[in-house]
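Accompanying notes for the structure given below.
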Amino acid sequence: MKALRRVTSLVVAVLVVVAIVTADGYQVYIISLVGLTAMVGIGINILLGLTGQISLGHAGFYAIGAYVGAILTTTYGWSFWVALPLAGLVAGLAGMLLAIPALRVRGPYLAMVTIAFGFVVEQGAAEWKEVTGGWNGIMFIPLPEAFGYTFIERDVALLVAILTVGTVALFARLNASAWGKAMRAVRDSELASRSLGLDPVMIRTAAFTLSAAITGIAGAIFASLTNFISPESFPFLQSILFLLVAIIGGIGTVLGPVVGALVVVLLPEFLSALAEYRLLFVGVLLLVVLVATPRGVVGEIERRFRRIDERPAKAGELDVAGFLSRPGAGDPLVVEALSVSFGGVVAVVEVSLRAEPGAVTSIIGPNGAGKTSVLNLVCGYLRPETGAVRLGERDVTGRPAQSIARTGIARTYQTTQLFENLSVRENLEIALRRGRLGSIVAALAGRAAGDSEARATAESLLAFVGFAGSVEQPASALPHVDKRLVEIARALAIRPAVLLLDEPAAGLGLHDTAGLGRLLRKIADAGVAVVIVEHDMTLVMEISDHVYVLDAGACIADGPPARVRADPLVREAYLGARDFASERRTAAPAAIGERVLEVSELTAGYGAAPVLENINLALRDGEMAAVLGANGAGKSTLMRTVTGLHRAERGRVRLGGGDITSFTANRTARAGLMLVPEGRQVFPELSVVDNIRLGAYTRRDFDDRLEVEAMLERFPQLRARATRRAGLLSGGEQQMLAIARGLVGKPRVLLLDEPSLGLAPALINDLFDVLVELRDEGISILLVDQMAGLALSVADRGYILESGRVVHEGTTTEIRENPALENAYLGGFG
Amino acid sequence: MSASTLITGIGLGSMYGLLALGFYVTYAVSRTVNFAQGSAMMLGAVLTFSFAVTWGWPMWTAILASLALCTAWGVVVERVGVRPFVRRGSDAWLMATVAMGIVLENVVLFTFGKDPRGMPPSPLTTESFYLADIKVQPLQVVIPVAGIAIAVALHWFSHRTRHGRALLAVVQNPDAARLMGIDVTAAIVVTFALSGLFAGVAGILIAPLFIISSTMGTLFGIKAFAVAILGGITNAWGVMVAGLVYGLAEALITSLLGSTYTHIVTFALVIVALAARPHGLFGRAEVKKV
Amino acid sequence: MTRRNHQSSTPFRRGLAIAAATAAVGLLAALPLNAADPVKLGLVAALSGPSAQSGEAITRGLTVAMDEINAAGGILGGRMIELVRRDDESSPPKGVIAARELIFKEEVAAFFGGIDSPVSLAIVPLANKSKVPFMGVWAAATPITRNKADPNYVFRVSAVDAIVDIKLLQYAHSTFGASKIGLMLINNPWGESNERGLLAADAGNDDVEIVGVEKFENNDVDMIPQLTRNKDKGADALVLVTNAPPGAQMMKSRDRMGWDVPVVSHWGISGGRFPELAGPTAGDAHFVQTYSFFGEQGEAGKRVLAALVDKFDNINGPEEVFSPVGTANAYDAMHLLAKAIDQAGSTDGDAIRTALESLGRHEGLIKTYDPPFSAENHDALNENDYIMVRFAGNQISPIE
């Protein structure tokens with residue numbers, strides 16, 4: 001393979017040289033132009049392909065390089081060989097300067113900053129007449145000389161060819177180096193890269209600088225080659241063409257810019273006989289290329305021919321436990337009276353906790369209790385308003401995340417934040433650096449040390465966490481459970497003293513959760529202070545040494561698992577302190593009739609493993625059924641799939657006899673299935689009344705005045721706020737509004753997804769009062785709620801979901817008497 | 001700064017704002033824009049000229065026909081240059097819309113003709129009147145009034161009509177909007193149609209002030225993009241106000257330093273403004289949850 | 001590829017021609033060079049963009065002359081002339097690339113330039129370096145021909161800014177009695193060339209004084225600020241140097257501010273539909289031309305006009321010959337160049353240059369050249385060949 005590549009390279013090199021030697025004067029010029037354009041394309045690739053930043057202003061850097069080269073060689077008579085690196089240097093500095101505003105902005109804002117930069121350079125060159133010659137430009141720019149020999153265009157073409165090859169090699173090395181990985185890591189997840197000690201500002205600035213410097217060098221050669229430059233040599237369209245070079249070739253690919261430059265430069269040449277019709281054809285062909293090759297030409301080829309090494313991680317000789325017990329380990333994490341609020345809403349109130357090395361410390365509490373915010377405060381994503389975070393004796397309060405990470409606090413995320421486009425191995429290798437990337441010059445020279453050692457360590461860690469997949473596949477291709485494991489391995493790679501895990505068991509099945517529990521214990525035993533936020537009570541109760549319980553941002557209890565489990569406050573926070581019996585239907589509903597909603601054999605997922613498997617459930621007209629299950633059991637996916645927000649892989653959904661399986665969400669809504677979604681999802685900028693009106697969007701017979709009034713009647717707390725923006729309502733009010741919005745559509749079936757989520761107990765009582773009313777009015781309701789006790793107290797029937805399957809169904813009485821349910825929720829609570 | 005320059009600044013500014021509203025409506029709903037919005041504006045001017053002058057249609061017919069075609073062009077851009085790329089999660093729609101702009105400009109070049117044309121004099125440009133000591137053409141008043149009227153109409157449409165509210169719902173939460181039965185794909189098409197319509201109106205309004213040619217929209221479109229970004233692109237009023245600010249700033253700089261410095265200074269100010277306020281002058285940061 | 005392909009005016013025919021040409025290119029390349037091979041002459045001009053009409057006008061003049069020459073048996077003993085056109089989009093860098101392509105790829109014997117002085121200025125060093133004669137037929141910037149190169153391969157059948165500028169100031173004084181002149185210049189090298197020329201002319205003219213120098217951009221919509229500054233400085237006439245579109249914008253701004261100051265203009269404004277663009281006040285601008293197809297025509301004039309009417313569907317009379325200078329200059333330039341190639345006896349650049357410098361008397365459209373050029377003077381036209389005109393409706397009519 002390697003030999004084949006060598007031979008191919010040699011053949012291409014010979015062909016290029018032959019082409020340059022035999023070409024006529026114009027072809028030589030065009031060949032040089034291809035090379036220079038490819039260099040700029042590579043510059044853009046560093047920015048766009050590695051760090052994911054767009055630039056529509058590279059003609060500006062090209063111009064700066066060209067002008068520096070031209071001015072130095074004409075006005076000052078300096079040698080081309082001195083002017084060339086200086087051109088790169090000045091353009092690089094300009095890139096660094098532009099990085100200051102550019103780093104603060106994203107997406108279209110960044111595009112605008114770079115566009116504006118291009119214009120400022122172009123117009124600046126036109127107006128700074130004394131130096132740049134204004135609109136007249138600079139003429140008689142000399143060709144390079146060496147040892148008394150003046151180059152001809154052919155020599156320049158050879159020089160460009162050599163430099164282009166050099167730049168391609170440079171990019172390949174950068175891409176494979178720690179810097180390149182860091183750049184891609186920052187692109188894929190800025191958050192995660194900070195928590196591994198990487199400094200996104202520095203990394204992005206480096207990319208901007210390098211990209212601009214390469215472009216500037218190409219610009220200086222361009223000036224010498226054409227003998228003439230003026231501001232009009234660098235129009236906005238040129239920036240677009242440069243960007244196009246990278247896109248057509250394939251963003252992030254090594255050879256992409258070369259192919260892109262061939263297309264962008266040669267295409268118009270082949271069409272030159274079309275004279276003024278040329279641009280028209282160029283436009284059409286570009287559109288065709290963009291549509292035909294989504295990943296760019298080289299990207300498509302790579303995709304077709306890529307073979308991923310299937311080899312799993314080797315355990316190797318590394319003693320992982322020894323690796324983790326780093327010097328300085330043994331420090332406890334101490335959190336003192338942390339508080340933070342968002343826009344006036346208090347999220348965390350004076351929370352104190354302590355996590356000892358070698359122990360597992362758990363933070364539990366209902367959704368919205370502020371658990372993740374505590375983790376974010378500890379690892380530096382949020383700045384606490386009061387309180388302190390200390391690791392041993394070191395106070396890290398308010399320090400930036402990357403700096404906290406370097407002191408030894410690592411974390412994982414509720415939704416995994418792997419660097420999706422990096423391979424599993426690269427995900428770990430970049431973490432092993434702990435933010436120390438070394439000199440970028442060394443990286444570009446290909447002298448980055450310790451690669452094989454890093455690889456062995458990475459594989460050992462992967463083997464340690466029990467990851468059995470291929471280490472070379474991109475992280476995006478991993479099944480969910482492997483993402484969790486790799487993320488843990490990556491966090492371990494920074495040799496943390498403290499490991500924070502945010503809902504590590506979410507979405508895992510029983511078997512995988514048990515394995516996870518053993519792994520966390522093993523990590524703690526190696527001397528790491530393990531802190532987990534988790535809903536799976538079985539897991540928490542089994543592995544924790546100490547448990548903290550948060551509710552509404554405050555710590556309401558702490559202690560060993562057994563003690564916390566018995567605490568009445570905790571029971572109330574979890575189950576609601578209501579007398580269930582009073583909510584039962586007093587009489588059997590008269591009108592329960594035909595099956596109005598029927599789900600059969602439903603299977604759905606997100607890529608790898610199915611999240612839902614063979615779900616069967618039915619709802620009769622006038623009935624209220626509850627779907628119960630732990631976090632990650634697939635309840636929300638079920639709701640999304642039934643309503644058409646998510647596509648089913650298999651199975652059927654029928655509404656009132658009609659098959660709605662393939663319907664998109666807006667059509668299921670029209671068909672009469674209204675979902676009151678998890679997290680309310682009211683339209684925050686619209687008034688309460690407008691939100692209600694939107695609920696009736698599909699109804700032609702909607703009487704605006706009467707029915708809005710009816711809803712305000714039913715939900716009196718909304719009446720006082722009728723004209724306020726929905727975003728300003730409290731959580732409870734928003735939930736009422738979401739229900740009102742659902743009801744006003746007069747649905748045949750109302751689906752409620754976690755209506756009690758994040759509500760205070762008093763509000764939950766109000767909410768269930770409403771649900772009881774609706775039920776008694778004969779509305780067909782399918783309810784998903786974490787408040788299992790309450791849900792069962794009001795529903796007629798229930799389904800228990802575990803790992804994407806219905807494990808039990810029956811009347812609520814049957815289920816309440818079944819211990820499997822309480823187990824699923826509370827890990828044998830009570 | 002002379003009063004007349006001030007009036008022109010407001011007029012151009014409101015046109016920047018109008019064109020920028022075209023960026024706003026599509027971006028708010030779909031996080032995409034027709035980057036070649038300037039060429040859509042050119043289309044409005046060119047079509048109106050061709051219908052009214054070359055073919056001799058009555059002016060109102062010509063205007064309505066051009067607006068209909070500009071709206072249709074917006075739909076075509078969405079279908080050909082945006083949707084295929086968004087479907088595959090690619091950002092190449094940016095390049096694709098630029099390519100469509102190049103194609104449109106060149107098709108116009110060969111059908112409309114290479115030489116720039118000018119709208120024939122109309123009462124809007126000839127029946128000048130004096131306001132205090134200042135000579136004012138009716139057009140100079142019509143332009144900003146029309147620009148602001150359209151912004152107000154857009155506001156009315158989106159807050160007072162069923163479909164307008166549906167559009168706002170998609171802006172704020174596409175998934176929840178779907179759950180209300182709103183067809184998000186159709187809503188996106190509508191926004192591109194609206195964006196084409198706005199561009200067409202801007203083109204028709206500035207045609208008498210300007211020179212009609214296939215390239216007339218390019219720089220205008222870029223300035224409008226700057227305006228949209230400065231206004232915070234997700235805030236309709238911000239965008240319109242940013243347009244006026246931009247137009248006035250241009251007029252002021254031209255008066256003080258001469259037009260040779262207008263672009264340097266305004267674009268440099270754009271960079272500075274975005275460095276200071278990364279989400280535009282009137283925009284808000286989008287909150288990203290961990 | 002036959003010359004017809006370059007002239008056909010409908011896209012469909014052109015499309016066919018392109019297809020045919022693509023097929024033909026391969027064949028042509030395989031054929032050995034022989035005496036019947038055409039002599040290629042190039043044109044680098046604005047074929048698209050705001051100044052596209054100028055390129056069209058030049059093409060017409062060149063084509064009419066070329067057809068006459070080819071009909072009379074061609075040059076160099078029976079070789080036909082073929083015109084290869086390239087678009088510079090009014091951009092100097094594009095023009096340099098196009099010139100490079102013509103010189104090295106198409107191997108033209110000589111080539112013509114377009115309306116844009118900046119483009120021609122940028123091409124001059126390339127022409128001199130590669131020893132291919134470059135014939136200006138419109139762009140008037142002084143340094144295009146007076147470029148200090150020796151030997152100098154650049155010639156021109158067109159106005160020269162330095163001389164036009166003297167004429168403009170004189171005219172402003174003699175016709176409008178102006179003594180304080182405000183300049184309105186396009187902000188590009190052509191504007192700069194005229195700024196220098198006008199200031200020099202001012203130094204040699206005691207009757208007038210330049211009181212204000214204002215510049216504007218191609219895309220400026222509103223030029224009231226610049227006009228106001230000139231007005232405040234007491235200007236009683238304006239000298240305008242720009243092309244038609246911005247020129248029209250200036251006239252509209254002048255109208256909007258209600259200032260009826262006389263306007264004397266360089267000829268750039270004749271390169272587009274100035275009367276339509278500028279509106280009712282277009283006729284207020286008096287400007288320089290080298291030739292007018294209105295009025296009594298000489299024999300050459302009648303012949304050329306007849307050929308134009310015959311050849312181009314959209315020309316029925318002098319009022320439809322837009323941008324007449326481009327057509328007239330190009331017509332004479334083509335004949336002069338063809339004569340020189342014949343006299344040189346080869347397509348060698350140096351031989352053609354020497355021949356041009358030693359051409360004898362030539363009866364052309366604009367005047368009788370006797371001689372057209374010399375080793376010192378590469379400009380065929382001088383101050384005696386300029387006429388002042390204005391728009392009357394869509395027609396350019398001479399001012400007595």
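Labeling convention for the structure tokens: chains A, B, ... as they appear, residues from 1 per chain, ligands from 1 in order of appearance.
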
Note to self: Residues of chain B within 8 Å of chain C, counting only C-alpha atoms, what are they? List them as a ChimeraX atom specification.
What the structure shows: /B:1-2,4-5,8,109-110,114-121,134-137,209-211,213-215,254-255,258-260

Counting only C-alpha atoms, collect the residues of chain B whose closest atom lies at most 6 Å from chain A, and write them out as a PDB file with N, CA, C and O atoms, in the first residue's frame.
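Everything below was put into iface37.pdb:
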```pdb
ATOM      1  N   ALA B  96     -23.819  27.247  -2.918  1.00  0.00           N
ATOM      2  CA  ALA B  96     -24.808  26.943  -3.963  1.00  0.00           C
ATOM      3  C   ALA B  96     -25.637  28.189  -4.280  1.00  0.00           C
ATOM      4  O   ALA B  96     -25.920  28.464  -5.447  1.00  0.00           O
ATOM      5  N   ALA B  99     -23.580  30.429  -6.333  1.00  0.00           N
ATOM      6  CA  ALA B  99     -23.517  29.947  -7.715  1.00  0.00           C
ATOM      7  C   ALA B  99     -24.810  30.298  -8.452  1.00  0.00           C
ATOM      8  O   ALA B  99     -24.779  30.723  -9.609  1.00  0.00           O
ATOM      9  N   ILE B 102     -24.663  33.820  -9.480  1.00  0.00           N
ATOM     10  CA  ILE B 102     -23.804  34.018 -10.660  1.00  0.00           C
ATOM     11  C   ILE B 102     -24.581  33.631 -11.920  1.00  0.00           C
ATOM     12  O   ILE B 102     -24.567  34.357 -12.919  1.00  0.00           O
ATOM     13  N   VAL B 103     -25.271  32.504 -11.850  1.00  0.00           N
ATOM     14  CA  VAL B 103     -26.036  32.056 -13.009  1.00  0.00           C
ATOM     15  C   VAL B 103     -27.110  33.089 -13.361  1.00  0.00           C
ATOM     16  O   VAL B 103     -27.244  33.492 -14.520  1.00  0.00           O
ATOM     17  N   ASN B 106     -25.729  36.169 -14.984  1.00  0.00           N
ATOM     18  CA  ASN B 106     -25.269  35.983 -16.357  1.00  0.00           C
ATOM     19  C   ASN B 106     -26.415  35.731 -17.323  1.00  0.00           C
ATOM     20  O   ASN B 106     -26.375  36.175 -18.466  1.00  0.00           O
ATOM     21  N   GLN B 172     -39.405  29.966  16.620  1.00  0.00           N
ATOM     22  CA  GLN B 172     -39.057  29.800  18.032  1.00  0.00           C
ATOM     23  C   GLN B 172     -38.841  28.353  18.423  1.00  0.00           C
ATOM     24  O   GLN B 172     -38.067  28.066  19.341  1.00  0.00           O
ATOM     25  N   ARG B 178     -44.289  21.813  14.633  1.00  0.00           N
ATOM     26  CA  ARG B 178     -44.782  20.616  13.939  1.00  0.00           C
ATOM     27  C   ARG B 178     -45.909  19.981  14.737  1.00  0.00           C
ATOM     28  O   ARG B 178     -46.906  19.528  14.192  1.00  0.00           O
ATOM     29  N   LEU B 179     -45.707  19.952  16.061  1.00  0.00           N
ATOM     30  CA  LEU B 179     -46.709  19.316  16.913  1.00  0.00           C
ATOM     31  C   LEU B 179     -48.036  20.057  16.864  1.00  0.00           C
ATOM     32  O   LEU B 179     -49.077  19.512  17.192  1.00  0.00           O
ATOM     33  N   MET B 180     -47.986  21.348  16.469  1.00  0.00           N
ATOM     34  CA  MET B 180     -49.227  22.104  16.331  1.00  0.00           C
ATOM     35  C   MET B 180     -49.854  21.870  14.957  1.00  0.00           C
ATOM     36  O   MET B 180     -50.856  22.467  14.624  1.00  0.00           O
ATOM     37  N   GLY B 181     -49.194  21.050  14.131  1.00  0.00           N
ATOM     38  CA  GLY B 181     -49.734  20.777  12.804  1.00  0.00           C
ATOM     39  C   GLY B 181     -49.202  21.712  11.739  1.00  0.00           C
ATOM     40  O   GLY B 181     -49.740  21.770  10.638  1.00  0.00           O
ATOM     41  N   ILE B 182     -48.148  22.467  12.087  1.00  0.00           N
ATOM     42  CA  ILE B 182     -47.598  23.407  11.113  1.00  0.00           C
ATOM     43  C   ILE B 182     -46.573  22.684  10.238  1.00  0.00           C
ATOM     44  O   ILE B 182     -45.706  21.973  10.751  1.00  0.00           O
ATOM     45  N   ASP B 183     -46.699  22.869   8.934  1.00  0.00           N
ATOM     46  CA  ASP B 183     -45.790  22.221   7.999  1.00  0.00           C
ATOM     47  C   ASP B 183     -44.525  23.074   7.884  1.00  0.00           C
ATOM     48  O   ASP B 183     -44.516  24.119   7.251  1.00  0.00           O
ATOM     49  N   ILE B 264     -14.293  51.455   3.338  1.00  0.00           N
ATOM     50  CA  ILE B 264     -13.290  51.088   4.356  1.00  0.00           C
ATOM     51  C   ILE B 264     -13.872  51.315   5.734  1.00  0.00           C
ATOM     52  O   ILE B 264     -13.849  50.439   6.600  1.00  0.00           O
ATOM     53  N   PHE B 267     -17.113  49.097   6.639  1.00  0.00           N
ATOM     54  CA  PHE B 267     -16.810  47.679   6.894  1.00  0.00           C
ATOM     55  C   PHE B 267     -15.921  47.507   8.124  1.00  0.00           C
ATOM     56  O   PHE B 267     -16.061  46.531   8.860  1.00  0.00           O
ATOM     57  N   ILE B 271     -16.727  45.255  11.588  1.00  0.00           N
ATOM     58  CA  ILE B 271     -15.860  44.335  12.345  1.00  0.00           C
ATOM     59  C   ILE B 271     -15.822  44.736  13.810  1.00  0.00           C
ATOM     60  O   ILE B 271     -15.992  43.912  14.712  1.00  0.00           O
ATOM     61  N   ALA B 275     -17.097  42.628  16.988  1.00  0.00           N
ATOM     62  CA  ALA B 275     -16.163  42.238  18.039  1.00  0.00           C
ATOM     63  C   ALA B 275     -16.728  42.641  19.395  1.00  0.00           C
ATOM     64  O   ALA B 275     -16.599  41.919  20.377  1.00  0.00           O
ATOM     65  N   PRO B 278     -20.940  40.294  19.685  1.00  0.00           N
ATOM     66  CA  PRO B 278     -20.827  39.159  18.755  1.00  0.00           C
ATOM     67  C   PRO B 278     -22.165  38.700  18.170  1.00  0.00           C
ATOM     68  O   PRO B 278     -22.176  37.972  17.199  1.00  0.00           O
TER      69      PRO B 278
END
```

Next item on the list: Would you return as JSON, numbers by chain the members of range 115-172 of chain A that DSSP assigns to alpha helix (DSSP H) on this structure's backbone?
Entry: {"A": [115, 116, 117, 118, 119, 120, 121, 122, 123, 124, 125, 126, 127, 129, 130, 131, 132, 153, 154, 155, 156, 157, 158, 159, 160, 161, 162, 163, 164, 165, 166, 167, 168, 169, 170, 171, 172]}

Next item on the list: Please provide as an MDAnalysis selection string all residues within 8 Å of range 68-82 of chain A, with the sequence filter that same-chain residues fewer than 2 positions apart are discarded (counting only C-alpha atoms).
Entry: chainID A and resid 64:66 84:87 90 131:132 138 140:145 219:221 223:224

Same residues, N, CA and C atoms, output as a PDB file, in the first residue's frame:
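Done, and the output landed in selection-v7.pdb:
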```pdb
ATOM      1  N   ILE A  64      -2.650  40.915   1.088  1.00  0.00           N
ATOM      2  CA  ILE A  64      -1.608  41.416   1.998  1.00  0.00           C
ATOM      3  C   ILE A  64      -0.259  40.804   1.622  1.00  0.00           C
ATOM      4  N   GLY A  65      -0.248  39.497   1.403  1.00  0.00           N
ATOM      5  CA  GLY A  65       0.995  38.846   0.996  1.00  0.00           C
ATOM      6  C   GLY A  65       1.510  39.415  -0.311  1.00  0.00           C
ATOM      7  N   ALA A  66       0.600  39.590  -1.271  1.00  0.00           N
ATOM      8  CA  ALA A  66       1.005  40.087  -2.589  1.00  0.00           C
ATOM      9  C   ALA A  66       1.576  41.505  -2.473  1.00  0.00           C
ATOM     10  N   LEU A  84       9.526  37.026   0.495  1.00  0.00           N
ATOM     11  CA  LEU A  84       8.555  35.927   0.553  1.00  0.00           C
ATOM     12  C   LEU A  84       8.185  35.539   1.990  1.00  0.00           C
ATOM     13  N   PRO A  85       9.196  35.221   2.834  1.00  0.00           N
ATOM     14  CA  PRO A  85       8.812  34.881   4.216  1.00  0.00           C
ATOM     15  C   PRO A  85       8.186  36.068   4.949  1.00  0.00           C
ATOM     16  N   LEU A  86       8.663  37.280   4.621  1.00  0.00           N
ATOM     17  CA  LEU A  86       8.071  38.444   5.293  1.00  0.00           C
ATOM     18  C   LEU A  86       6.598  38.582   4.922  1.00  0.00           C
ATOM     19  N   ALA A  87       6.283  38.310   3.651  1.00  0.00           N
ATOM     20  CA  ALA A  87       4.885  38.375   3.223  1.00  0.00           C
ATOM     21  C   ALA A  87       4.047  37.400   4.039  1.00  0.00           C
ATOM     22  N   VAL A  90       3.740  38.851   7.658  1.00  0.00           N
ATOM     23  CA  VAL A  90       2.790  39.962   7.813  1.00  0.00           C
ATOM     24  C   VAL A  90       1.359  39.448   7.668  1.00  0.00           C
ATOM     25  N   VAL A 131       1.847  54.082  -0.741  1.00  0.00           N
ATOM     26  CA  VAL A 131       2.538  52.806  -0.569  1.00  0.00           C
ATOM     27  C   VAL A 131       2.106  51.789  -1.620  1.00  0.00           C
ATOM     28  N   THR A 132       0.814  51.762  -1.893  1.00  0.00           N
ATOM     29  CA  THR A 132       0.284  50.684  -2.734  1.00  0.00           C
ATOM     30  C   THR A 132       0.054  51.117  -4.173  1.00  0.00           C
ATOM     31  N   ILE A 138       0.557  48.087  -8.584  1.00  0.00           N
ATOM     32  CA  ILE A 138       2.017  48.061  -8.650  1.00  0.00           C
ATOM     33  C   ILE A 138       2.408  47.283  -9.898  1.00  0.00           C
ATOM     34  N   PHE A 140       5.574  46.129 -12.823  1.00  0.00           N
ATOM     35  CA  PHE A 140       6.984  45.741 -12.916  1.00  0.00           C
ATOM     36  C   PHE A 140       7.460  45.025 -11.666  1.00  0.00           C
ATOM     37  N   ILE A 141       6.630  44.167 -11.126  1.00  0.00           N
ATOM     38  CA  ILE A 141       7.084  43.373  -9.990  1.00  0.00           C
ATOM     39  C   ILE A 141       8.038  42.314 -10.550  1.00  0.00           C
ATOM     40  N   PRO A 142       9.276  42.263 -10.032  1.00  0.00           N
ATOM     41  CA  PRO A 142      10.269  41.386 -10.652  1.00  0.00           C
ATOM     42  C   PRO A 142      10.017  39.907 -10.340  1.00  0.00           C
ATOM     43  N   LEU A 143      10.493  39.067 -11.210  1.00  0.00           N
ATOM     44  CA  LEU A 143      10.504  37.632 -10.929  1.00  0.00           C
ATOM     45  C   LEU A 143      11.676  37.364  -9.996  1.00  0.00           C
ATOM     46  N   PRO A 144      11.643  36.244  -9.305  1.00  0.00           N
ATOM     47  CA  PRO A 144      12.733  35.964  -8.352  1.00  0.00           C
ATOM     48  C   PRO A 144      14.084  35.832  -9.069  1.00  0.00           C
ATOM     49  N   GLU A 145      15.141  36.106  -8.309  1.00  0.00           N
ATOM     50  CA  GLU A 145      16.497  35.894  -8.811  1.00  0.00           C
ATOM     51  C   GLU A 145      17.227  35.020  -7.818  1.00  0.00           C
ATOM     52  N   GLY A 219       0.242  34.601  -2.037  1.00  0.00           N
ATOM     53  CA  GLY A 219      -0.027  35.921  -2.616  1.00  0.00           C
ATOM     54  C   GLY A 219       1.241  36.587  -3.120  1.00  0.00           C
ATOM     55  N   ALA A 220       2.338  36.478  -2.352  1.00  0.00           N
ATOM     56  CA  ALA A 220       3.588  37.118  -2.768  1.00  0.00           C
ATOM     57  C   ALA A 220       4.098  36.519  -4.073  1.00  0.00           C
ATOM     58  N   ILE A 221       3.962  35.191  -4.203  1.00  0.00           N
ATOM     59  CA  ILE A 221       4.399  34.563  -5.456  1.00  0.00           C
ATOM     60  C   ILE A 221       3.490  35.004  -6.603  1.00  0.00           C
ATOM     61  N   ALA A 223       2.035  37.830  -6.955  1.00  0.00           N
ATOM     62  CA  ALA A 223       2.426  39.176  -7.377  1.00  0.00           C
ATOM     63  C   ALA A 223       3.621  39.112  -8.323  1.00  0.00           C
ATOM     64  N   SER A 224       4.605  38.289  -7.943  1.00  0.00           N
ATOM     65  CA  SER A 224       5.805  38.181  -8.752  1.00  0.00           C
ATOM     66  C   SER A 224       5.500  37.545 -10.109  1.00  0.00           C
TER      67      SER A 224
END
```

Note to self: Need the shell around range 517-523 of chain A: protein/DNA/RNA residues with any atom at most 7 Å away, counting only C-alpha atoms. Skip same-chain ones fewer than 2 positions apart. Format as a ChimeraX atom specification?
What the structure shows: /A:465,513-515,525-526,528,539,543

Output the selection as a tab-separated table (two decimals), in the first residue's frame - N, CA, C and O atoms for each residue.
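See out_21.tsv below for the written result:
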```
chain	number	residue	atom	x	y	z
A	465	VAL	N	-11.64	0.36	30.34
A	465	VAL	CA	-13.06	0.67	30.52
A	465	VAL	C	-13.95	-0.38	29.87
A	465	VAL	O	-15.17	-0.33	29.99
A	513	THR	N	-25.55	-1.20	32.47
A	513	THR	CA	-25.51	-0.37	33.68
A	513	THR	C	-24.72	-1.09	34.78
A	513	THR	O	-23.92	-0.48	35.49
A	514	ALA	N	-24.93	-2.38	34.88
A	514	ALA	CA	-24.19	-3.14	35.90
A	514	ALA	C	-22.70	-3.07	35.62
A	514	ALA	O	-21.88	-2.84	36.52
A	515	GLY	N	-22.33	-3.22	34.34
A	515	GLY	CA	-20.93	-3.12	33.97
A	515	GLY	C	-20.37	-1.75	34.29
A	515	GLY	O	-19.25	-1.61	34.81
A	525	ASP	N	-11.53	2.88	43.14
A	525	ASP	CA	-10.54	2.09	43.88
A	525	ASP	C	-9.11	2.45	43.49
A	525	ASP	O	-8.18	2.25	44.27
A	526	ALA	N	-8.94	3.00	42.26
A	526	ALA	CA	-7.60	3.41	41.85
A	526	ALA	C	-7.21	4.74	42.50
A	526	ALA	O	-6.14	5.26	42.23
A	528	VAL	N	-9.23	7.66	42.51
A	528	VAL	CA	-9.88	8.84	41.94
A	528	VAL	C	-11.14	9.16	42.73
A	528	VAL	O	-11.84	8.25	43.18
A	539	LEU	N	-28.29	1.75	40.57
A	539	LEU	CA	-26.87	1.99	40.42
A	539	LEU	C	-26.34	2.86	41.56
A	539	LEU	O	-25.34	2.54	42.21
A	543	ILE	N	-23.38	1.55	44.29
A	543	ILE	CA	-21.96	1.88	44.25
A	543	ILE	C	-21.56	3.08	45.09
A	543	ILE	O	-20.39	3.34	45.27
```

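Nearest residue to Leu41 in chain C, choosing from C:Leu356, C:Ile341, C:Met251, C:Ile210 and counting only C-alpha atoms: C:Ile341.
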
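What separates CA of Ser50 in chain B from CA of Thr126 in chain B is a distance of 21.3 Å.
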
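Atom to atom, CA of Leu801 in chain A and CA of Leu418 in chain A stand 28.0 Å apart.
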